[in-house]
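**Q** File follows, start-v1.csv with CSV, C-alpha atoms:
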```csv
chain,number,residue,atom,x,y,z
I,279,MET,CA,-4.4,-189.7,-75.8
I,280,PRO,CA,-8.1,-188.6,-76.5
I,281,ASN,CA,-11.0,-190.8,-75.6
I,282,ILE,CA,-13.1,-191.2,-78.8
I,283,ILE,CA,-16.3,-192.9,-79.8
I,284,HIS,CA,-16.1,-194.2,-83.3
I,285,ILE,CA,-19.1,-194.9,-85.6
I,286,GLU,CA,-19.0,-196.7,-88.9
I,287,THR,CA,-22.1,-197.3,-91.0
I,288,SER,CA,-21.1,-196.7,-94.6
I,289,THR,CA,-21.7,-200.3,-95.8
I,290,SER,CA,-23.9,-203.2,-94.8
I,291,VAL,CA,-21.7,-203.6,-91.7
I,292,CYS,CA,-22.7,-201.7,-88.6
I,293,SER,CA,-20.0,-201.0,-86.0
I,294,ALA,CA,-19.2,-198.7,-83.1
I,295,ALA,CA,-16.2,-198.6,-80.7
I,296,LEU,CA,-14.7,-196.6,-77.8
I,297,SER,CA,-11.0,-196.0,-77.7
I,298,SER,CA,-9.0,-194.7,-74.8
I,299,ASP,CA,-5.2,-194.2,-74.3
I,300,GLY,CA,-4.6,-195.3,-77.9
I,301,VAL,CA,-6.4,-198.6,-77.5
I,302,VAL,CA,-9.9,-199.9,-78.4
I,303,GLN,CA,-11.5,-200.5,-75.1
I,304,CYS,CA,-15.0,-201.7,-76.2
I,305,HIS,CA,-16.6,-202.4,-79.5
I,306,PHE,CA,-19.7,-203.8,-81.2
I,307,GLU,CA,-20.2,-204.9,-84.8
I,308,SER,CA,-22.7,-206.7,-87.0
I,309,PHE,CA,-22.0,-208.3,-90.4
I,310,ASP,CA,-25.6,-209.5,-90.8
I,311,GLY,CA,-26.8,-206.9,-93.2
I,312,PRO,CA,-28.1,-203.3,-93.1
I,313,SER,CA,-29.9,-203.1,-89.8
I,314,HIS,CA,-28.1,-199.9,-88.6
I,315,ALA,CA,-31.2,-198.1,-87.5
I,316,SER,CA,-32.0,-200.8,-84.9
I,317,LEU,CA,-28.4,-201.6,-83.9
I,318,LEU,CA,-26.4,-198.4,-83.7
I,319,GLY,CA,-28.4,-196.8,-80.9
I,320,ALA,CA,-28.0,-199.9,-78.8
I,321,TYR,CA,-24.3,-200.1,-79.5
I,322,VAL,CA,-23.8,-196.5,-78.5
I,323,LYS,CA,-25.8,-197.0,-75.3
I,324,GLU,CA,-23.5,-199.9,-74.3
I,325,LEU,CA,-20.4,-197.8,-75.1
I,326,MET,CA,-21.6,-195.0,-72.9
I,327,THR,CA,-22.4,-197.4,-70.1
I,328,PHE,CA,-18.9,-198.8,-70.4
I,329,ALA,CA,-17.4,-195.3,-70.4
I,330,ARG,CA,-19.3,-194.4,-67.2
I,331,ASP,CA,-18.4,-197.6,-65.5
I,332,LYS,CA,-14.7,-197.1,-66.3
I,333,SER,CA,-14.8,-193.3,-65.6
I,334,ILE,CA,-13.8,-192.5,-69.2
I,335,ARG,CA,-14.7,-189.0,-70.3
I,336,VAL,CA,-15.4,-188.9,-74.0
I,337,ASP,CA,-13.4,-186.2,-75.8
I,338,ALA,CA,-14.7,-186.5,-79.3
I,339,VAL,CA,-16.9,-188.5,-81.6
I,340,ALA,CA,-15.6,-189.8,-85.0
I,341,VAL,CA,-17.8,-190.9,-87.8
I,342,SER,CA,-17.1,-192.5,-91.1
I,343,SER,CA,-18.1,-189.7,-93.5
I,344,GLY,CA,-18.5,-191.5,-96.9
I,345,PRO,CA,-18.9,-192.2,-99.6
I,346,GLY,CA,-21.1,-195.3,-99.2
I,347,SER,CA,-24.6,-196.3,-98.4
I,348,TYR,CA,-26.9,-193.2,-98.4
I,349,THR,CA,-29.1,-194.5,-95.7
I,350,GLY,CA,-26.2,-195.9,-93.6
I,351,LEU,CA,-24.3,-192.7,-93.7
I,352,ARG,CA,-27.3,-190.7,-92.6
I,353,ILE,CA,-27.9,-193.0,-89.7
I,354,GLY,CA,-24.3,-192.9,-88.6
I,355,VAL,CA,-23.9,-189.1,-88.9
I,356,SER,CA,-27.2,-188.4,-87.1
I,357,GLU,CA,-26.2,-190.6,-84.2
I,358,ALA,CA,-22.7,-188.9,-84.1
I,359,LYS,CA,-24.2,-185.4,-84.1
I,360,GLY,CA,-26.6,-186.3,-81.3
I,361,LEU,CA,-23.8,-187.6,-79.2
I,362,CYS,CA,-21.7,-184.4,-79.9
I,363,PHE,CA,-24.5,-182.1,-78.9
I,364,GLY,CA,-25.4,-184.2,-75.8
I,365,LEU,CA,-21.8,-184.5,-74.6
I,366,GLY,CA,-20.5,-181.1,-75.8
I,367,VAL,CA,-17.6,-182.7,-77.7
I,368,PRO,CA,-16.2,-182.1,-81.2
I,369,LEU,CA,-17.1,-184.1,-84.3
I,370,ILE,CA,-14.4,-185.8,-86.4
I,371,ALA,CA,-15.1,-187.0,-90.0
I,372,VAL,CA,-13.1,-190.0,-91.2
I,373,PRO,CA,-13.2,-190.4,-95.0
I,374,THR,CA,-14.4,-194.0,-95.7
I,375,LEU,CA,-12.1,-194.7,-98.6
I,376,GLU,CA,-9.1,-193.4,-96.6
I,377,LEU,CA,-10.2,-195.7,-93.7
I,378,LEU,CA,-10.2,-198.7,-96.1
I,379,ALA,CA,-6.8,-197.8,-97.5
I,380,CYS,CA,-5.4,-197.4,-94.0
I,381,THR,CA,-6.8,-200.8,-92.9
I,382,THR,CA,-5.4,-202.5,-96.0
I,383,LEU,CA,-2.0,-201.0,-95.4
I,384,PHE,CA,-1.9,-201.9,-91.7
I,385,LYS,CA,-3.1,-205.5,-92.1
I,386,ASN,CA,-0.9,-206.5,-95.1
I,387,TYR,CA,2.7,-206.0,-96.1
I,388,PHE,CA,3.6,-204.7,-99.5
I,389,GLU,CA,6.6,-203.0,-100.9
I,390,GLU,CA,6.7,-199.2,-100.4
I,391,ASP,CA,6.0,-198.2,-104.0
I,392,VAL,CA,2.6,-199.9,-104.3
I,393,LEU,CA,-0.6,-197.9,-104.5
I,394,TYR,CA,-3.8,-198.6,-102.6
I,395,CYS,CA,-7.2,-198.4,-104.3
I,396,PRO,CA,-10.1,-199.0,-101.9
I,397,MET,CA,-13.5,-199.6,-103.5
I,398,ILE,CA,-17.0,-199.4,-102.2
I,399,ASP,CA,-19.7,-201.2,-104.2
I,400,ALA,CA,-22.1,-198.7,-105.9
I,401,ARG,CA,-24.2,-201.4,-107.6
I,402,ARG,CA,-23.8,-203.0,-111.1
I,403,MET,CA,-20.2,-202.4,-112.2
I,404,GLU,CA,-19.9,-199.0,-110.6
I,405,VAL,CA,-17.7,-198.4,-107.5
I,406,TYR,CA,-16.7,-195.4,-105.3
I,407,ALA,CA,-12.9,-195.4,-105.5
I,408,ALA,CA,-9.8,-193.4,-104.9
I,409,VAL,CA,-6.0,-194.2,-105.0
I,410,TYR,CA,-3.6,-193.5,-102.2
I,411,ASP,CA,0.2,-193.9,-101.9
I,412,ASN,CA,1.9,-195.6,-98.9
I,413,ALA,CA,1.7,-192.4,-96.9
I,414,LEU,CA,-2.1,-192.1,-97.6
I,415,ASN,CA,-1.6,-189.1,-99.9
I,416,LEU,CA,-4.3,-189.0,-102.6
I,417,VAL,CA,-2.9,-190.1,-106.0
I,418,ALA,CA,-6.3,-190.2,-107.8
I,419,PRO,CA,-9.4,-188.4,-106.4
I,420,VAL,CA,-12.5,-189.9,-104.9
I,421,GLU,CA,-14.9,-190.6,-107.7
I,422,ALA,CA,-17.6,-192.9,-108.9
I,423,ARG,CA,-16.2,-195.2,-111.6
I,424,VAL,CA,-17.7,-197.7,-114.0
I,425,ILE,CA,-15.2,-200.6,-114.0
I,426,ASP,CA,-14.1,-202.3,-117.2
I,427,GLU,CA,-10.9,-204.1,-118.5
I,428,ASN,CA,-9.3,-200.7,-119.1
I,429,SER,CA,-9.8,-199.3,-115.6
I,430,PHE,CA,-6.6,-198.0,-113.9
I,431,THR,CA,-4.4,-199.1,-116.8
I,432,ASP,CA,-2.4,-195.9,-116.6
I,433,LEU,CA,-1.4,-196.6,-113.0
I,434,LEU,CA,-1.1,-200.4,-113.5
I,435,ALA,CA,1.4,-199.9,-116.4
I,436,THR,CA,4.0,-198.6,-114.0
I,437,ARG,CA,3.0,-199.5,-110.4
I,438,ARG,CA,1.4,-202.4,-108.5
I,439,VAL,CA,-2.0,-201.4,-107.2
I,440,VAL,CA,-3.7,-203.1,-104.2
I,441,PHE,CA,-7.5,-203.2,-104.6
I,442,SER,CA,-9.6,-203.8,-101.5
I,443,GLY,CA,-13.1,-203.3,-100.1
I,444,ASN,CA,-16.5,-204.7,-101.1
I,445,GLY,CA,-16.3,-203.0,-104.5
I,446,ALA,CA,-13.0,-204.7,-105.4
I,447,ALA,CA,-14.5,-208.2,-105.1
I,448,LYS,CA,-16.7,-207.8,-108.2
I,449,CYS,CA,-13.8,-206.3,-110.2
I,450,LYS,CA,-11.5,-209.3,-109.8
I,451,GLU,CA,-12.8,-210.9,-113.0
I,452,VAL,CA,-12.6,-207.6,-115.0
I,453,ILE,CA,-9.2,-206.1,-114.0
I,454,LYS,CA,-6.7,-208.8,-115.1
I,455,HIS,CA,-3.5,-206.8,-115.2
I,456,GLU,CA,-0.4,-208.5,-113.7
I,457,ASN,CA,0.2,-205.5,-111.4
I,458,ALA,CA,-3.3,-205.7,-109.9
I,459,ILE,CA,-3.4,-207.2,-106.4
I,460,PHE,CA,-6.7,-208.0,-104.7
I,461,VAL,CA,-7.0,-208.3,-101.0
I,462,ASP,CA,-10.2,-209.9,-99.6
I,463,GLY,CA,-12.0,-209.4,-96.3
I,464,ILE,CA,-11.3,-205.6,-95.9
I,465,VAL,CA,-14.4,-203.8,-94.6
I,466,PRO,CA,-14.7,-200.4,-92.9
I,467,LEU,CA,-14.9,-201.0,-89.2
I,468,ALA,CA,-15.1,-198.6,-86.2
I,469,THR,CA,-12.2,-200.4,-84.5
I,470,ASP,CA,-9.9,-199.4,-87.4
I,471,MET,CA,-10.8,-195.7,-87.3
I,472,LEU,CA,-8.5,-195.1,-84.3
I,473,ALA,CA,-5.3,-193.9,-86.1
I,474,LEU,CA,-7.1,-191.5,-88.5
I,475,ALA,CA,-9.4,-190.1,-85.8
I,476,GLU,CA,-6.6,-189.5,-83.3
I,477,ARG,CA,-4.5,-187.7,-86.0
I,478,ALA,CA,-7.5,-185.5,-86.8
I,479,PHE,CA,-8.0,-184.8,-83.0
I,480,ARG,CA,-4.3,-183.8,-82.7
I,481,GLU,CA,-4.5,-181.5,-85.7
I,482,LYS,CA,-7.9,-180.1,-84.4
I,483,ARG,CA,-9.6,-181.0,-87.6
I,484,PHE,CA,-13.2,-180.8,-86.3
I,485,GLU,CA,-16.5,-180.5,-88.2
I,486,ASP,CA,-19.3,-178.0,-87.7
I,487,VAL,CA,-21.8,-180.3,-85.8
I,488,ALA,CA,-24.8,-178.3,-86.9
I,489,TYR,CA,-24.0,-178.2,-90.6
I,490,PHE,CA,-21.9,-181.3,-91.3
I,491,GLU,CA,-23.3,-183.6,-94.0
I,492,PRO,CA,-21.9,-187.0,-95.2
I,493,PHE,CA,-20.0,-187.2,-98.4
I,494,TYR,CA,-22.6,-189.0,-100.5
I,495,LEU,CA,-20.7,-188.4,-103.8
I,496,LYS,CA,-23.9,-189.1,-105.8
I,497,GLU,CA,-27.4,-187.9,-105.1
I,498,PHE,CA,-29.9,-190.4,-103.6
I,499,VAL,CA,-32.1,-191.9,-106.3
I,500,ALA,CA,-35.4,-193.4,-105.1
I,501,THR,CA,-36.5,-196.5,-107.1
I,502,THR,CA,-40.1,-197.1,-108.2
I,503,PRO,CA,-41.6,-200.5,-107.0
I,504,LYS,CA,-42.3,-202.9,-109.8
I,505,HIS,CA,-45.7,-203.9,-108.4
I,506,LYS,CA,-47.9,-201.0,-107.2
I,507,VAL,CA,-50.1,-201.6,-104.3
I,508,LEU,CA,-53.4,-199.7,-104.3
```
In structure tokens, write the structure found in this file.
**A**
Amino acid sequence: MPNIIHIETSTSVCSAALSSDGVVQCHFESFDGPSHASLLGAYVKELMTFARDKSIRVDAVAVSSGPGSYTGLRIGVSEAKGLCFGLGVPLIAVPTLELLACTTLFKNYFEEDVLYCPMIDARRMEVYAAVYDNALNLVAPVEARVIDENSFTDLLATRRVVFSGNGAAKCKEVIKHENAIFVDGIVPLATDMLALAERAFREKRFEDVAYFEPFYLKEFVATTPKHKVL
């Protein structure tokens, strides 16, 4: 089993973990808001200290690759790249929506024919979403969607769909179909990246460390302050 450092910064939650022999050995996480720039470096330093103390040689670094927070993704990928360059190990990209779907599937029991729709909040009534089956095959591609009462009606007409993630919470009052299931409390965490990261390592699905970029899905748009300061 590979020894992997996992980094997840795609939402307001910041987390990092070290796995070895198929088990999370050490992890850190904060749910107190977007303070990734100040927290992530400290988390990684603690993980490296733990690895040295336990004589664990890091084999790869896995990072949640988006979509999600533009700033959060940049911070996470920059830290992951620095580690890969410094340690001379490969980089693994874990798609954030697939991570959410995997977490929802593992932490809940549903019949085999349900679909999983993880959602990341993209402000107002827009979300980043995709749809997966029980084997994590894509049924509907990753895209930005504006949610209304007609969203996903084609799928909901024939299948039960499990919605999760911080984008799903605001859709509860809009998507009222009887086949819609909403699961609360599912957030992308480094501790849940293990299965997807190890599978990528076994299949040697590594990224080009020099040129890899997060999957932003949409371009960053800077806002203009309401009150100008001279």
**Q** What's the 9 Å shell around I:Ala340, counting all atoms listed in the file, without same-chain residues fewer than 6 positions away, as JSON, numbers by chain?
**A** {"I": [282, 283, 284, 285, 286, 358, 368, 369, 370, 371, 372, 468, 471, 472, 475]}
**Q** Ranking I:Cys362, I:Ala315, I:Ile398, I:Ile453 by minimum distance to I:Thr349 and counting only C-alpha atoms, which one comes first?
**A**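 Once distances to I:Thr349 are computed over only C-alpha atoms, the minimum belongs to I:Ala315.
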**Q** So, counting all atoms listed in the file, which residue among I:Glu376, I:Ile353, I:Pro345, I:Ser333 is closest to I:Leu474?
**A**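 Looking at the shortest contact to I:Leu474, the residue is I:Glu376.
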**Q** How many Å lie between atom CA of I:Met279 and atom CA of I:Gly319, rounded to one decimal?
**A**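 Rounded to one decimal, the two atoms are 25.5 Å apart.
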**Q** Compare I:His314, I:Ala338, I:Thr381, I:Val301 by their minimum atom-to-atom distance to I:Asp470, counting only C-alpha atoms, and give me the closest one.
**A** I:Thr381
**Q** Can you write out as CSV which residues of stretch 361-401 of chain I fall within 12 Å of stretch 461-465 of chain I, alongside each residue's closest atom pair and its distance in Å to one decimal, counting only C-alpha atoms and ordering rows by chain and ascending residue number?
**A**
```
residue,atom,partner,partner_atom,distance
I:Thr374,CA,I:Val465,CA,9.9
I:Leu375,CA,I:Val465,CA,10.2
I:Glu376,CA,I:Val465,CA,11.8
I:Leu377,CA,I:Val465,CA,9.2
I:Leu378,CA,I:Val465,CA,6.8
I:Ala379,CA,I:Ile464,CA,9.1
I:Cys380,CA,I:Ile464,CA,10.3
I:Thr381,CA,I:Ile464,CA,7.2
I:Thr382,CA,I:Ile464,CA,6.7
I:Leu383,CA,I:Ile464,CA,10.4
I:Phe384,CA,I:Ile464,CA,10.9
I:Lys385,CA,I:Ile464,CA,9.0
I:Asn386,CA,I:Val461,CA,8.7
I:Tyr387,CA,I:Val461,CA,11.1
I:Phe388,CA,I:Val461,CA,11.3
I:Tyr394,CA,I:Val461,CA,10.3
I:Cys395,CA,I:Val461,CA,10.4
I:Pro396,CA,I:Ile464,CA,9.0
I:Met397,CA,I:Val465,CA,9.9
I:Ile398,CA,I:Val465,CA,9.2
I:Asp399,CA,I:Val465,CA,11.3
```
**Q** So the first atom is atom CA of I:Asp337 and the second is atom CA of I:Leu351; what is the distance between them in Å, to one decimal place?
**A** 21.9 Å
**Q** Counting only C-alpha atoms, which residue out of I:Val424, I:Val341, I:Val336, I:Ala473 sits closest to I:Ser288?
**A**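 The closest residue to I:Ser288 is I:Val341.
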